[in-house]
Each structure stands twice: as C-alpha cells, then as structure tokens.
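**Student:** Please find one structure pasted underneath; my questions will follow.
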Amino acid sequence: MAETYNQDNQKIVQDWGTSARRWRTLAAYLRRNPSLIVGTVLLFILAMIAIGGQFFIDYSDAQPLSNRPSRPPSEQYPLGTDKFGRNLLAILVYGTYLTGKVGLIAGALGVIIGAILGFLAGFYRGWVDTVISLVTDVLLTIPPLLVLVVIATNISGKLDTNQMAIIISLLAWRQPTRQIRAQVLIMREAGYVKTARLGGTSRMGIVFKELMPNLIPYLMASFVLTVATAMLASVGLEALGLGPQNEPTLGMTIYWVMLEGAFSTGLWWWWATPLIALIILFVGLYLVSVGLDELANPRTRRRGI
Amino acid sequence: MRILRRVLLMVFIIWIAASINFLMPRLSDRNPVEEVIAASMGESGGTMEGFEEAVADFERRFGMDQPVWKQYLNSIYDALTFDLGMSISYFPDRVSTLVLQAAPWTLGIMLTTTLLAFVIGTPLGALTVWDRAPRWINVIVPIVMILAAIPFYLIGLILIYVFASRLNWLPTGKGYSSGMIPEWSWDFAGNVMTHALLPGLSILLASVGIWALSMRGMMVTVQGEDYMVFAKAKGLSGKRRFWRYGVRNAVAPQITALVLTLANVVTGAVLVERVFAYPGLGNLLYQAILVNDYYLIFGCVYMLVLTVGISLMFLDLVYPLIDPRIRADANG
C-alpha cells in the first residue's frame, strides 16, 4: 500500500484533479447563472414529491370516495381532502407525476419532430425550406389550445394521459422547428463549418461532427421550452374538462375547483395544493429555460434573474 | 408584398380550419346528430318543436346524398360565409349569432390588456439593461417576468380568492351584475368596468413580463450599435438616447414578437374567461364543451382563429409606420 506512486495511481490523482477543477468551473458558472440553479432545485423538489411520494401514498387515495370528503388539513390528511373524498396529498403526488409525464412525452416528441424538420429546412434550403417554413408560420398563428379542443372533443370515450401527450405533440413541434431552423441557418455559414467543407469533410461528416454537437445546447433549451408549452396545453385542456377523466391530474383538480366553486365554499386547501404545485412547476421550467438560454447564447448576457 | 403574403396566409388558415371542421367529425366515431336526438328526446319525452329543421340542417351537413367532394366544397363555402350551423345547446339560435354576441367581450378585454401590457412591458424591459435605470427596476422586472411564466387563469384564481372572495372588493365573475340591463349609461359602463377589472388584471399581470423579456433581448443588441456610442459622444441627454435611439430601434421587432405571442395570449384568455365566467368566446366555448355542442365549439374556435389572423393582417399594415426600415424596403 505504500507504493502508491506507481503510474496508475498518479493517473487517477491527475484525473481527479481535472474533474475537481471542472466542478469548480461549473460551480463558478452556476454562481453567475442563478436562475439555472433555482429552477433546477424547484423542479427537483417537485420530481422528488412526484416519484418519491409514490412509495408512501397509495394511488387509490387520489380516487373519489376513497376518504372522508371536505376535511381540512389535519394529521391524518396533511393537505386535506376535496369534496369527493380525494386525498389532496395523493393528488399532489400523482397529479404532478402525470402532468410531468405528459409534458416530457409531448415535449420529447415535439423536439424530435421539430429538430428533424428544422434541420431539413435550414440545411437543404430550397423548396423543402419554403414548405416547412410556410406550414410552421401558419400553424404558429393558430392558438394551440383551440386546435386541441377541436381534436379532443371529437375523440370519444376515455382519453388517458399517454394519448393526450400524443395529441399535444401534434402541435408541439412548431416552436422547435423554427428555433432549430434559425440556428442551423446561422451555423451553416459559420467559419468552422466553411473550414470543414473546404477541408473536404463529407456532407454527413459536417452534419454529425460540426453541426450536431453545436446544436445540443439549443436543443436542450428548446426541449425545456417545449415541455413547458406542452404542460401548459395539457393543464389547459384538463381545466376545460377535456383531459383524462379517470386520472387525478392537476388540471382536472382545477376543473373541479372551478365547477364546484371551491372559493365560496371555503375549501381553500382544495385549490391551494394544485395551484401551488403548478406555479412551482411553471416557474421552475421558466427559470431553467432562462438559464439554458444564457448557456446557449452567452452573448446576450442577462441581468437580474 | 408583405400584405399580400399575409392575405394568402389568412386564406390558408381559413382553408385549414374548414378542412379540420370537415374532417374531424367524419374521422370521429361520434355522431353529434344521434347524440343530440337521443338527448333531447330524453329531455322533452317526445318530439320537439322545430326539431325537424335542426335535423335537416345536420343532415345537409352530414348528408350522404351528396358526393364527398361536394360536401367538402360546401363546408369551405360555409366557413367563408360564416354560416356555422345551428347550436345544439342554445337551440334554435344559430352558432354565428352566439359567437358574434360573445366576440365583443373577448375583443374588448383582449385589446385593452394587450395594449396596456405592451406599453408597460416594453419600457420596463428596456430599462433593465439601461445603466441609468432606477434601482427598483431590477427588483420589479424579474418578478414581472416570473409572473409571465404562470398561466393567466392560475393568477386569475388567486385574484378571485384575494379580491373577490376574501376582501369582497370586486365581483367574482360575469360581465355585469345580474340585475342590470345592458344599455348605454354610465351606471352600466361602470358596472362592466368593475367586472372586467379582475380578468383584465390577471391577463395584464401575466403578459407584461412577455414584453419586458423580449424587449430586454432587443435592447442588449441595440446597445452595442455604433449609433448609440455616437449619440453618447455627441453629448445627447440620457433620456433622449434611451427613447429616440434605443427604444425606437429596438421596438420594431417587438411587433414581430406580438405576432408570435398573440396566439398564446388568446389561449390564455379563453381560460381566464372560464375562471371568471366572463361572457366572451372563451366561456361560450367552455359551455359548449360541457354539453358537447360540436358546432358551437367549432364556431368559437373559428372566430378566435379568425381574430388572431385579422389582427396579424392589421399589424402588417401598421408595421411600416413603426419601422422606417420596412418602408424603405417596400419602396425600393
């Protein structure tokens, strides 16, 4: 054990040194970009509640008639119960989980479709670009929720959250397409791409070695925004009563709060729980997207948040 | 050219909307006509007066007596002439009547709040990156920007709780008090105003930040320009540099931002109206969803989409007045 000065050990020490420096740089960067930290922490707390909470609270508690109705917060029901006997703690756990799930599925699908379309439009230009840009521009002027309303009203029977995620992703690709296209247009004229082209790199080589790695920060920022938009749409649909009827989503809780007039009946804990969860969710996503934006475009140095 | 392009886009939007309206019910496994007949038979326990007319109207739309291409052309013609069919839930009112009744409420509140948000948010955003800005700007604006991340109707719920339910200062909803008769009088106007205050405030609070955020980005770019340095070297006052050199040049892209945001603002307003039971298109849409009145649902959606489209056309008309660079392009 005394011979720790062999080459292997030195290598490990060296590696540790560089990664420590890397962590320090990261920490220094995060200090300059507080919105990224605060946003991540907020989302992390919600994720912990949504995933960790499932080990302690039973899904059946989020169903109607599972508990005594209209109980204020107490030891037995930390967040109270609603008029239908749903335990609001269970709604917080499973509702946040379902909203997160819909947002992540729809956001991922939206970014994948958007990245492909935006890339094709920006890279190949010509009629491909004309068609994709025209369709995107037209669809961007249509309020997304309204189209979703028309689609959702035409689907009979019980919608589940996965189906809803797919419906939402039908429109979620518009913004990423636009963003990625703009970025590819800038990048294809950038010095390093031109150099690579002059150097004889193949077309595919330029795509995968030059463009893709540099697109990653934009894709990340675009993903967070798309997830936020998708969640906004899903909660909106649910609040209008068009979401899944049998799953305890946060939006559906808002729908029942409005329908049953929880304000006049004084059941403040009924609306406070989903409201606070949604506000933390959207503020967290916003802060992360601002933080990622600053990571992707360091030139537009942001002040304040 | 810009305007021609926008008119073409508008035609395209109407075509898409009409096509969706044609396709969706046919792809769906739901039959609104049968559902309605079953429902109203159940309600009235027999036949309903004037019901044949409604059935005939539905049959005309769904009628299999005509070839599909003709049905399709008919539906596009109907969309263009704003013939949106009968409402099921407000029978025998036509959808177009209901939609046109509700539209002024939505337009009124949307126009006012969007304009106000623009006028307040734009200078706020510009000031965040202006070195001579007062200190409070960098406290207020981040809060305003965070508010912009929260959906309008959630802010509306909080406002209802605080100002209507707890403090009892303002009404919880509706367009005017139920005892009032709509007329042109100061009394009624004041009543409408107090009812519009909370819904308007929730849209305003949530959208000021949108403008502040995009203006900040633009102002950062503008500040690096040579003419800003030149203006400073000339010894122009800070106020003049801010408004005439900075904001003037940075504000034009804000119009483009408005084009992109409008659709989202409309979406948000729909739910705010639902929260406040405000008698506009959003609430009408919600009522229609509750009873699955398909034609009314489509009518509201169509009207809102048209509203956005027409506003964008209008923006294209005023855009050259705001940005001289566009004017030069158009002439040259």
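Chain labels A, B, ... are given in the sequence in which chains occur in the structure tokens; within each chain residues are numbered consecutively from 1, and ligands are likewise numbered from 1 in the order shown.
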Write down, as a list in words, each residue of chain A that has any atom within 6 Å of an atom of chain B, counting only C-alpha atoms.
**Tutor:**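 Only these qualify: Thr141, Ile142, Pro143, Leu145, Leu146, Asn154, Phe282, Val283, Tyr286 and Ile305 of chain A.
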**Student:** With only C-alpha atoms as the atoms that count, which of A:Leu237, A:Ala182, A:Leu30, A:Leu42 lies nearest to Leu250 (chain A)?
**Tutor:**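 Using only C-alpha atoms, the shortest distance to Leu250 (chain A) belongs to A:Leu237.
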**Student:** Can you list, as a PyMOL selection string, all residues belonging to region 53-249 of chain A that DSSP tags as helix (DSSP H, G or I)?
**Tutor:** chain A and resi 53-55+59-62+88-124+126-140+144-153+161-172+174-188+191-198+203-239
**Student:** Would you list the contacts of Ala62 (chain A) as a PyMOL selection string, taking every protein, DNA or RNA residue within 7 Å and counting only C-alpha atoms, but skipping same-chain residues closer than 5 positions in sequence?
**Tutor:** chain A and resi 86-87+90-91+248
**Student:** Excluding Leu170 (chain A) and any residue of its chain fewer than 6 positions from it, enumerate the residues within 10 Å of it, using only C-alpha atoms, and give them as a VMD selection string.
**Tutor:** chain A and resid 106 109 to 110 113 144 147 to 148
**Student:** For the residues in that selection, give me N, CA and C atoms as a compact mmCIF listing (two decimals), in the first residue's frame.
**Tutor:**
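Contents of part-v3.txt, freshly written:
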```txt
# COMPACT_ATOMS: atom_id res chain seq x y z
N ALA A 106 -44.75 14.61 -24.56
CA ALA A 106 -45.11 15.53 -25.64
C ALA A 106 -43.92 16.41 -26.01
N LEU A 109 -41.35 14.31 -28.03
CA LEU A 109 -41.82 14.09 -29.40
C LEU A 109 -41.73 15.39 -30.19
N GLY A 110 -42.17 16.50 -29.56
CA GLY A 110 -42.15 17.79 -30.25
C GLY A 110 -40.75 18.20 -30.67
N ILE A 113 -39.43 15.85 -33.57
CA ILE A 113 -40.02 16.23 -34.87
C ILE A 113 -39.49 17.60 -35.30
N PRO A 144 -52.81 27.20 -30.03
CA PRO A 144 -52.70 25.74 -29.96
C PRO A 144 -53.83 25.08 -29.19
N VAL A 147 -57.05 24.25 -31.27
CA VAL A 147 -57.00 23.09 -32.15
C VAL A 147 -57.12 21.82 -31.31
N LEU A 148 -56.44 21.81 -30.17
CA LEU A 148 -56.50 20.64 -29.29
C LEU A 148 -57.93 20.42 -28.80
```
**Student:** In Å, with one decimal, what is the gap from CA of Met313 (chain B) to CA of Leu80 (chain B)?
**Tutor:**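 Interatomic distance here is 17.1 Å.
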**Student:** Could you please determine the separation between CA of Gln179 (chain A) and CA of Thr130 (chain A) in Å, to one decimal place?
**Tutor:**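 Interatomic distance, CA of Gln179 (chain A) to CA of Thr130 (chain A): 15.5 Å.
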**Student:** Pick out the closest residue to Thr97 (chain B) from this set: B:Phe314, B:Tyr77, B:Tyr319, B:Met303. Count only C-alpha atoms.
**Tutor:**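 Comparing B:Phe314, B:Tyr77, B:Tyr319, B:Met303 against Thr97 (chain B), the winner is B:Met303.
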**Student:** Have a look at CA of Ala133 (chain B) and CA of Leu205 (chain B) and let me know their distance in Å, one decimal.
**Tutor:**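 One can read the CA of Ala133 (chain B) to CA of Leu205 (chain B) distance as 21.6 Å.
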**Student:** Might you pull out every residue within 7 Å of Tyr176 (chain B), with only C-alpha atoms counted and same-chain residues fewer than 6 positions away left off, and present them as a list of chain:residue names?
**Tutor:**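 With the cut-off at 7 Å, the set is B:Asn191, B:Val192, B:His195.
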**Student:** Just the selected residues (N, CA, C and O atoms), exported as a compact mmCIF listing (two decimals), in the first residue's frame, please.
**Tutor:**
```txt
# COMPACT_ATOMS: atom_id res chain seq x y z
N ASN B 191 -70.37 49.38 -14.16
CA ASN B 191 -70.57 48.01 -13.73
C ASN B 191 -69.74 47.04 -14.58
O ASN B 191 -69.09 46.12 -14.06
N VAL B 192 -69.74 47.27 -15.89
CA VAL B 192 -68.94 46.43 -16.78
C VAL B 192 -67.47 46.55 -16.44
O VAL B 192 -66.73 45.57 -16.39
N HIS B 195 -66.44 44.65 -13.38
CA HIS B 195 -66.42 43.21 -13.64
C HIS B 195 -65.22 42.81 -14.48
O HIS B 195 -64.76 41.68 -14.40
```
**Student:** Residues within 8 Å of region 250-252 of chain B, please, as a tab-separated table (two decimals) with N, CA, C and O atoms, in the first residue's frame. Count only C-alpha atoms; anything in the same chain fewer than 2 positions from it doesn't count.
**Tutor:**
```tsv
chain	number	residue	atom	x	y	z
B	122	THR	N	-42.76	47.07	-22.46
B	122	THR	CA	-41.65	47.43	-23.35
B	122	THR	C	-40.63	48.34	-22.67
B	122	THR	O	-39.44	48.00	-22.64
B	215	MET	N	-38.13	42.63	-25.01
B	215	MET	CA	-37.54	43.96	-25.19
B	215	MET	C	-36.13	43.98	-24.63
B	215	MET	O	-35.24	44.63	-25.17
B	218	MET	N	-33.76	42.62	-27.15
B	218	MET	CA	-33.53	43.54	-28.26
B	218	MET	C	-32.64	44.70	-27.85
B	218	MET	O	-31.79	45.15	-28.58
B	219	MET	N	-32.88	45.20	-26.64
B	219	MET	CA	-32.15	46.36	-26.16
B	219	MET	C	-30.66	46.04	-25.99
B	219	MET	O	-29.81	46.89	-26.26
B	222	VAL	N	-29.20	46.37	-29.41
B	222	VAL	CA	-29.16	47.76	-29.86
B	222	VAL	C	-28.05	48.53	-29.17
B	222	VAL	O	-27.36	49.35	-29.78
B	246	GLY	N	-32.45	54.26	-28.49
B	246	GLY	CA	-32.53	52.87	-28.03
B	246	GLY	C	-33.87	52.24	-28.32
B	246	GLY	O	-34.00	51.37	-29.19
B	247	VAL	N	-34.92	52.73	-27.62
B	247	VAL	CA	-36.24	52.11	-27.72
B	247	VAL	C	-36.76	52.16	-29.15
B	247	VAL	O	-37.27	51.18	-29.68
B	248	ARG	N	-36.60	53.30	-29.79
B	248	ARG	CA	-37.11	53.45	-31.16
B	248	ARG	C	-36.59	52.33	-32.07
B	248	ARG	O	-37.31	51.78	-32.89
B	254	GLN	N	-40.43	44.02	-31.62
B	254	GLN	CA	-41.47	43.71	-30.65
B	254	GLN	C	-42.78	43.39	-31.37
B	254	GLN	O	-43.57	42.58	-30.90
B	255	ILE	N	-42.98	44.05	-32.51
B	255	ILE	CA	-44.19	43.79	-33.27
B	255	ILE	C	-44.18	42.35	-33.77
B	255	ILE	O	-45.19	41.65	-33.73
B	256	THR	N	-43.01	41.90	-34.21
B	256	THR	CA	-42.88	40.51	-34.64
B	256	THR	C	-43.16	39.59	-33.47
B	256	THR	O	-43.81	38.56	-33.61
B	319	TYR	N	-47.10	48.07	-39.45
B	319	TYR	CA	-45.69	47.80	-39.22
B	319	TYR	C	-44.76	48.82	-39.90
B	319	TYR	O	-43.85	49.35	-39.25
B	322	ILE	N	-44.20	52.02	-38.04
B	322	ILE	CA	-43.37	51.97	-36.84
B	322	ILE	C	-41.90	51.81	-37.21
B	322	ILE	O	-41.03	52.41	-36.60
B	323	ASP	N	-41.64	50.99	-38.22
B	323	ASP	CA	-40.25	50.73	-38.59
B	323	ASP	C	-39.94	51.29	-39.97
B	323	ASP	O	-40.34	50.73	-40.98
```
**Student:** Would you pick out the contacts of Gly103 (chain A) at 7 Å or less, using only C-alpha atoms, so that residues sharing its chain but fewer than 3 positions from it are not included, and give the list as a list in words?
**Tutor:**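 Once the adjacent positions are removed, what remains is Thr99, Gly100, Ala106, Gly107, Val227, Ala228, Ala230 and Met231 of chain A.
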